[in-house]
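Colleague: Sharing protein_1.txt below, compact mmCIF, C-alpha atoms and all ligand atoms:
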```txt
# COMPACT_ATOMS: atom_id res chain seq x y z
CA MET L 531 -2.08 -21.16 3.52
CA ASP L 532 -0.63 -17.75 2.82
CA ARG L 533 0.20 -15.61 5.79
CA ILE L 534 0.25 -11.87 5.22
CA GLY L 535 1.87 -9.44 7.64
CA ILE L 536 0.57 -5.94 8.31
CA LEU L 537 3.10 -3.51 9.69
CA ALA L 538 1.42 -2.50 12.94
CA LEU L 539 3.70 0.23 14.29
CA GLN L 540 1.06 2.93 13.86
CA GLY L 541 -1.90 3.82 11.68
CA ALA L 542 -4.70 1.97 9.90
CA PHE L 543 -3.54 -1.63 10.26
CA ILE L 544 -6.63 -3.17 11.87
CA GLU L 545 -8.80 -2.42 8.84
CA HIS L 546 -6.40 -4.27 6.53
CA ILE L 547 -6.39 -7.25 8.88
CA LYS L 548 -10.19 -7.33 8.97
CA THR L 549 -10.47 -7.16 5.20
CA LEU L 550 -7.91 -9.93 4.68
CA ARG L 551 -9.55 -12.15 7.30
CA SER L 552 -12.92 -11.60 5.59
CA LEU L 553 -11.25 -13.04 2.49
CA GLY L 554 -10.13 -16.09 4.47
CA VAL L 555 -6.49 -15.04 4.66
CA ASP L 556 -4.23 -15.53 7.68
CA ALA L 557 -3.29 -11.91 8.52
CA VAL L 558 -0.90 -11.07 11.35
CA GLU L 559 0.41 -7.88 12.96
CA VAL L 560 4.13 -7.21 12.52
CA ARG L 561 6.12 -5.14 14.99
CA LEU L 562 9.40 -7.02 15.27
CA PRO L 563 11.84 -8.34 12.66
CA HIS L 564 11.27 -12.03 13.48
CA GLU L 565 7.57 -11.54 12.72
CA LEU L 566 8.51 -10.99 9.07
CA GLU L 567 9.67 -14.59 8.79
CA ASN L 568 7.48 -16.98 6.82
CA LEU L 569 5.25 -14.26 5.42
CA SER L 570 3.95 -14.46 1.85
CA GLY L 571 3.56 -10.68 1.67
CA LEU L 572 3.54 -7.49 3.70
CA ILE L 573 1.19 -4.49 3.84
CA ILE L 574 2.47 -1.13 5.08
CA PRO L 575 -0.66 0.80 6.08
CA GLY L 576 -1.56 4.46 6.15
CA GLY L 577 -0.67 6.62 9.12
CA GLU L 578 2.11 9.14 9.53
CA SER L 579 5.12 8.27 7.43
CA THR L 580 7.74 10.07 9.53
CA THR L 581 6.50 8.26 12.65
CA VAL L 582 6.41 4.92 10.85
CA GLY L 583 9.95 5.53 9.57
CA LYS L 584 11.34 6.40 12.99
CA LEU L 585 9.66 3.43 14.66
CA ALA L 586 10.85 1.09 11.91
CA ILE L 587 14.43 2.22 12.58
CA THR L 588 13.99 1.79 16.35
CA TYR L 589 12.68 -1.76 15.95
CA GLY L 590 15.31 -2.81 13.41
CA LEU L 591 12.74 -3.35 10.65
CA VAL L 592 14.22 -1.25 7.84
CA GLU L 593 16.81 -3.71 6.52
CA PRO L 594 14.63 -6.84 6.80
CA ILE L 595 11.74 -5.14 4.97
CA LYS L 596 14.11 -3.89 2.26
CA GLU L 597 15.45 -7.43 1.86
CA MET L 598 11.94 -8.78 1.63
CA ALA L 599 10.99 -6.23 -1.04
CA SER L 600 14.15 -6.61 -3.10
CA GLY L 601 13.96 -10.40 -2.74
CA GLY L 602 10.66 -10.40 -4.64
CA LYS L 603 8.08 -10.78 -1.85
CA PRO L 604 4.94 -8.74 -2.56
CA VAL L 605 4.75 -5.55 -0.50
CA TRP L 606 1.82 -3.11 -0.67
CA GLY L 607 1.98 0.41 0.76
CA THR L 608 -1.18 2.45 1.26
CA CYS L 609 -0.85 6.21 1.74
CA ALA L 610 1.94 6.63 4.36
CA GLY L 611 3.09 3.14 3.27
CA LEU L 612 3.44 4.46 -0.29
CA ILE L 613 5.63 7.29 0.99
CA PHE L 614 7.79 4.89 3.02
CA LEU L 615 8.41 2.65 -0.02
CA ALA L 616 9.39 5.55 -2.30
CA ARG L 617 12.89 6.54 -3.29
CA ARG L 618 12.37 10.26 -2.72
CA VAL L 619 10.00 12.63 -0.97
CA GLN L 620 9.92 16.18 -2.26
CA GLY L 621 11.14 18.88 0.06
CA ILE L 622 11.97 16.96 3.22
CA GLU L 623 14.39 14.40 4.57
CA GLN L 624 12.78 11.48 6.34
CA PRO L 625 13.54 7.77 6.74
CA LEU L 626 12.49 5.84 3.64
CA LEU L 627 12.83 2.26 2.44
CA GLY L 628 13.63 3.68 -1.00
CA VAL L 629 12.86 0.42 -2.82
CA MET L 630 10.32 1.78 -5.29
CA ASP L 631 11.36 4.12 -8.08
CA LEU L 632 8.95 6.90 -7.19
CA ALA L 633 9.13 10.53 -6.18
CA VAL L 634 6.22 11.62 -4.02
CA ALA L 635 4.75 14.80 -2.61
CA ARG L 636 3.26 14.45 0.86
CA ASN L 637 -0.06 16.05 1.74
CA ALA L 638 -0.32 16.94 -1.91
CA PHE L 639 -3.93 18.03 -1.97
CA GLY L 640 -3.84 21.11 0.25
CA ARG L 641 -5.99 22.05 3.18
CA GLN L 642 -9.38 22.22 1.57
CA LEU L 643 -8.93 18.78 0.11
CA GLU L 644 -7.24 17.19 3.13
CA SER L 645 -9.74 14.39 2.79
CA PHE L 646 -11.81 13.64 -0.27
CA GLU L 647 -13.30 10.72 -2.11
CA ALA L 648 -13.21 10.03 -5.81
CA GLU L 649 -14.36 7.36 -8.22
CA ILE L 650 -11.23 6.28 -10.04
CA SER L 651 -10.71 3.97 -12.96
CA VAL L 652 -8.33 1.05 -12.29
CA PRO L 653 -8.35 -1.25 -15.34
CA ALA L 654 -5.85 -3.67 -13.71
CA LEU L 655 -8.53 -4.68 -11.18
CA ASP L 656 -10.49 -6.38 -13.96
CA ALA L 657 -8.10 -9.32 -13.58
CA VAL L 658 -9.57 -10.06 -10.13
CA SER L 659 -13.12 -8.81 -10.72
CA GLN L 660 -16.33 -10.79 -10.60
CA PRO L 661 -18.48 -10.24 -13.69
CA ASP L 662 -20.63 -7.64 -11.91
CA GLU L 663 -17.54 -5.73 -10.75
CA ARG L 664 -15.78 -5.54 -14.09
CA GLY L 665 -15.09 -2.00 -15.28
CA ARG L 666 -16.62 -0.54 -12.14
CA PRO L 667 -14.73 2.50 -10.80
CA PHE L 668 -13.02 2.14 -7.44
CA HIS L 669 -14.28 4.37 -4.64
CA ALA L 670 -11.02 5.87 -3.38
CA ILE L 671 -10.77 7.57 0.01
CA PHE L 672 -7.90 10.05 0.26
CA ILE L 673 -6.80 11.25 3.71
CA ARG L 674 -3.96 13.82 3.70
CA ALA L 675 -2.83 11.78 0.77
CA PRO L 676 0.45 11.81 -1.10
CA LEU L 677 0.71 12.07 -4.85
CA ILE L 678 3.23 10.29 -7.04
CA THR L 679 5.01 13.06 -8.92
CA ALA L 680 7.48 10.94 -10.89
CA ALA L 681 7.71 7.23 -11.64
CA GLY L 682 10.70 5.37 -13.08
CA ASP L 683 10.66 3.20 -16.21
CA GLY L 684 10.00 0.01 -14.28
CA VAL L 685 6.83 1.39 -12.74
CA SER L 686 3.36 0.76 -14.22
CA VAL L 687 0.79 3.41 -13.46
CA LEU L 688 -2.45 1.69 -12.37
CA SER L 689 -4.60 4.76 -11.87
CA ARG L 690 -4.66 8.52 -12.28
CA LEU L 691 -7.03 11.20 -11.11
CA ASP L 692 -8.87 13.21 -13.76
CA ASN L 693 -6.14 15.87 -13.50
CA GLY L 694 -3.47 13.30 -14.36
CA GLY L 695 -2.04 12.81 -10.85
CA ILE L 696 -0.80 9.25 -10.27
CA VAL L 697 -2.52 7.57 -7.31
CA ALA L 698 -1.83 3.85 -7.79
CA ALA L 699 1.19 2.09 -9.25
CA ARG L 700 3.05 -1.20 -9.40
CA GLN L 701 6.70 -2.08 -9.83
CA GLY L 702 6.98 -5.86 -10.08
CA ASN L 703 6.27 -7.21 -6.60
CA LEU L 704 5.62 -3.74 -5.15
CA LEU L 705 2.18 -2.12 -5.11
CA VAL L 706 1.20 1.35 -3.90
CA THR L 707 -2.06 3.22 -3.48
CA ALA L 708 -2.29 6.85 -2.32
CA PHE L 709 -5.78 6.14 -0.96
CA HIS L 710 -7.29 3.67 1.54
CA PRO L 711 -8.98 0.58 0.02
CA GLU L 712 -9.19 -0.95 3.51
CA LEU L 713 -11.74 1.72 4.49
CA THR L 714 -14.25 0.57 1.87
CA SER L 715 -16.14 -2.69 1.45
CA ASP L 716 -14.67 -3.14 -2.03
CA THR L 717 -12.04 -5.86 -1.67
CA ARG L 718 -10.67 -5.76 -5.23
CA PHE L 719 -7.31 -4.20 -4.28
CA HIS L 720 -6.81 -6.80 -1.53
CA ARG L 721 -7.66 -9.53 -4.01
CA TYR L 722 -5.27 -7.94 -6.53
CA PHE L 723 -2.51 -8.14 -3.89
CA LEU L 724 -3.40 -11.78 -3.17
CA ALA L 725 -3.15 -12.46 -6.92
CA MET L 726 0.34 -10.90 -6.96
CA ILE L 727 1.30 -13.34 -4.20
CA ALA L 728 -0.22 -16.29 -6.06
CA GLN L 729 1.55 -15.32 -9.29
CA GLY L 730 4.90 -15.08 -7.50
CA GLN L 731 4.46 -18.60 -6.17
CA ALA L 732 3.24 -20.20 -9.38
CA THR L 733 5.79 -22.49 -10.96
CA PRO L 734 6.18 -21.83 -14.68
N1 LIG K 801 -0.03 12.58 5.40
C1 LIG K 801 0.53 11.33 5.88
C2 LIG K 801 2.03 11.32 5.70
O1 LIG K 801 2.56 12.16 5.06
C3 LIG K 801 -0.09 10.14 5.16
C4 LIG K 801 -1.58 10.10 5.46
C5 LIG K 801 -2.17 8.73 5.44
O2 LIG K 801 -1.47 7.70 5.50
N2 LIG K 801 -3.48 8.67 5.44
O3 LIG K 801 2.67 10.47 6.23
```
Could you render the structure as structure tokens?
Ligand code: GLN
Modeller:
Amino acid sequence: MDRIGILALQGAFIEHIKTLRSLGVDAVEVRLPHELENLSGLIIPGGESTTVGKLAITYGLVEPIKEMASGGKPVWGTCAGLIFLARRVQGIEQPLLGVMDLAVARNAFGRQLESFEAEISVPALDAVSQPDERGRPFHAIFIRAPLITAAGDGVSVLSRLDNGGIVAARQGNLLVTAFHPELTSDTRFHRYFLAMIAQGQATP
């Protein structure tokens, strides 16, 4: 059975664990490097990316997570997790894994829109949708969310807001969402991540 780790240094990790367990997946909290061993994938949750970065350095997690990501293991970052995976954050220096070819702007939606919800179109989710879910927009919850401002050639954009801002993307085994699927009852993004894991393990 697949075991998925959720980086549990800070932030919204419990909700990811609950969602994965509801899907019958073995989900475990990760705080120390040895807890990354024997995982099929890793989720880096939302929270505060500077805090997550500092704690990851303190606990010696930066290099092992980078190795995991560059070795092809599926890694999914939501919100602060997206920021931590990116190569560059506009305007400030902070610890980053830098494994995903993205530039991001933190807190990109300004004060009045610190938190908002939007129905977004994510065609890639059709691959994991039940017939009644197919084509249905995803209810995306944004909380002091980042925006992807530039994506490299190897990055596929999975969803944009109506104004064109990129809010979900994939680069091979790496997935990012600027919003919080774990705060909704719609499990399609978690199933999409499980499908990425299954595809990586399938023998051709
Ligand atoms: N604003 C946070 C940051 O910049 C991210 C917010 C979130 O993860 N919900 O790290």
Colleague: List all protein, DNA and RNA residues that have at least one atom no more than 10 Å from any atom of ligand LIG 801 (chain K), counting all atoms listed in the file, and write them as a ChimeraX atom specification.
Modeller: /L:540-542,574-583,607-614,619,634-639,644-645,671-676,708-710
Colleague: Counting all atoms listed in the file, what is within 12 Å of Thr588 of chain L, bar same-chain residues fewer than 4 positions away, as an mmCIF file with C-alpha atoms, in the frame of the given file?
Modeller:
```
data_model
loop_
_atom_site.group_PDB
_atom_site.id
_atom_site.type_symbol
_atom_site.label_atom_id
_atom_site.label_comp_id
_atom_site.auth_asym_id
_atom_site.auth_seq_id
_atom_site.Cartn_x
_atom_site.Cartn_y
_atom_site.Cartn_z
ATOM 1 C CA LEU L 539 3.700 0.230 14.290
ATOM 2 C CA ARG L 561 6.120 -5.140 14.990
ATOM 3 C CA LEU L 562 9.400 -7.020 15.270
ATOM 4 C CA PRO L 563 11.840 -8.340 12.660
ATOM 5 C CA THR L 581 6.500 8.260 12.650
ATOM 6 C CA VAL L 582 6.410 4.920 10.850
ATOM 7 C CA GLY L 583 9.950 5.530 9.570
ATOM 8 C CA LYS L 584 11.340 6.400 12.990
ATOM 9 C CA VAL L 592 14.220 -1.250 7.840
ATOM 10 C CA GLU L 593 16.810 -3.710 6.520
ATOM 11 C CA PRO L 625 13.540 7.770 6.740
#
```
Colleague: Which one is closest to Arg718 of chain L: L:Leu615, L:Val555, L:Ile595, L:Leu655? Count only C-alpha atoms.
Modeller: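 Checking each of L:Leu615, L:Val555, L:Ile595, L:Leu655 against Arg718 of chain L, counting only C-alpha atoms, the winner is L:Leu655.
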Colleague: I'd like to know which of L:Val685, L:Leu704, L:Leu632, L:Met531 is closest to Ser600 of chain L, using all atoms listed in the file.
Modeller: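 Looking only at the distances to Ser600 of chain L, the closest residue turns out to be L:Leu704.
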Colleague: Considering only C-alpha atoms, state which residue in the set L:Ser570, L:Ser715, L:Ser689, L:Gln729 is at the smallest distance from Val558 of chain L.
Modeller: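 Smallest distance to Val558 of chain L is found for L:Ser570.
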Colleague: How far is it from atom CA of Gly682 of chain L to atom CA of Asp631 of chain L, in Å with one decimal?
Modeller: 5.2 Å
Colleague: Give the answer as one residue: which of L:Arg551, L:Arg533, L:Gly665, L:Asn703 has the shortest atom-to-atom distance to Met598 of chain L, using all atoms listed in the file?
Modeller: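 Closest to Met598 of chain L, using all atoms listed in the file: L:Asn703.
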Colleague: Go through L:Gly628, L:Pro661, L:Gly730, L:Gly590 one by one, measure the shortest atom-to-atom distance of each to Pro604 of chain L using only C-alpha atoms, and give the residue with the smallest value.
Modeller: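 Between L:Gly628, L:Pro661, L:Gly730, L:Gly590, the residue approaching Pro604 of chain L most closely is L:Gly730.
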Colleague: Name the closest residue to Ala633 of chain L among the candidates L:Ser659, L:Lys596, L:Leu688, L:Ala680; distances are taken between atoms, counting all atoms listed in the file.
Modeller: L:Ala680
Colleague: Rounded to one decimal, what separation in Å do you get between atom CA of Arg664 of chain L and atom CA of Val652 of chain L?
Modeller: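 One can read the atom CA of Arg664 of chain L to atom CA of Val652 of chain L distance as 10.1 Å.
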Colleague: One decimal, Å: what's the distance from atom CA of Trp606 of chain L over to atom CA of Phe646 of chain L, could you say?
Modeller: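 Pair atom CA of Trp606 of chain L / atom CA of Phe646 of chain L returns 21.6 Å.
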Colleague: Set the distance at 10 Å and use all atoms listed in the file: which residues neighbour Ile573 of chain L once local chain neighbours fewer than 3 positions away are removed? I'd like the list as a PDB file with C-alpha atoms, keeping the file's coordinate frame.
Modeller:
```pdb
ATOM      1  CA  ILE L 534       0.250 -11.870   5.220  1.00  0.00           C
ATOM      2  CA  GLY L 535       1.870  -9.440   7.640  1.00  0.00           C
ATOM      3  CA  ILE L 536       0.570  -5.940   8.310  1.00  0.00           C
ATOM      4  CA  LEU L 537       3.100  -3.510   9.690  1.00  0.00           C
ATOM      5  CA  ALA L 538       1.420  -2.500  12.940  1.00  0.00           C
ATOM      6  CA  PHE L 543      -3.540  -1.630  10.260  1.00  0.00           C
ATOM      7  CA  HIS L 546      -6.400  -4.270   6.530  1.00  0.00           C
ATOM      8  CA  ILE L 547      -6.390  -7.250   8.880  1.00  0.00           C
ATOM      9  CA  ALA L 557      -3.290 -11.910   8.520  1.00  0.00           C
ATOM     10  CA  GLU L 559       0.410  -7.880  12.960  1.00  0.00           C
ATOM     11  CA  VAL L 560       4.130  -7.210  12.520  1.00  0.00           C
ATOM     12  CA  GLY L 576      -1.560   4.460   6.150  1.00  0.00           C
ATOM     13  CA  PRO L 604       4.940  -8.740  -2.560  1.00  0.00           C
ATOM     14  CA  VAL L 605       4.750  -5.550  -0.500  1.00  0.00           C
ATOM     15  CA  TRP L 606       1.820  -3.110  -0.670  1.00  0.00           C
ATOM     16  CA  GLY L 607       1.980   0.410   0.760  1.00  0.00           C
ATOM     17  CA  THR L 608      -1.180   2.450   1.260  1.00  0.00           C
ATOM     18  CA  GLY L 611       3.090   3.140   3.270  1.00  0.00           C
ATOM     19  CA  LEU L 705       2.180  -2.120  -5.110  1.00  0.00           C
ATOM     20  CA  VAL L 706       1.200   1.350  -3.900  1.00  0.00           C
ATOM     21  CA  HIS L 720      -6.810  -6.800  -1.530  1.00  0.00           C
ATOM     22  CA  PHE L 723      -2.510  -8.140  -3.890  1.00  0.00           C
TER      23      PHE L 723
END
```
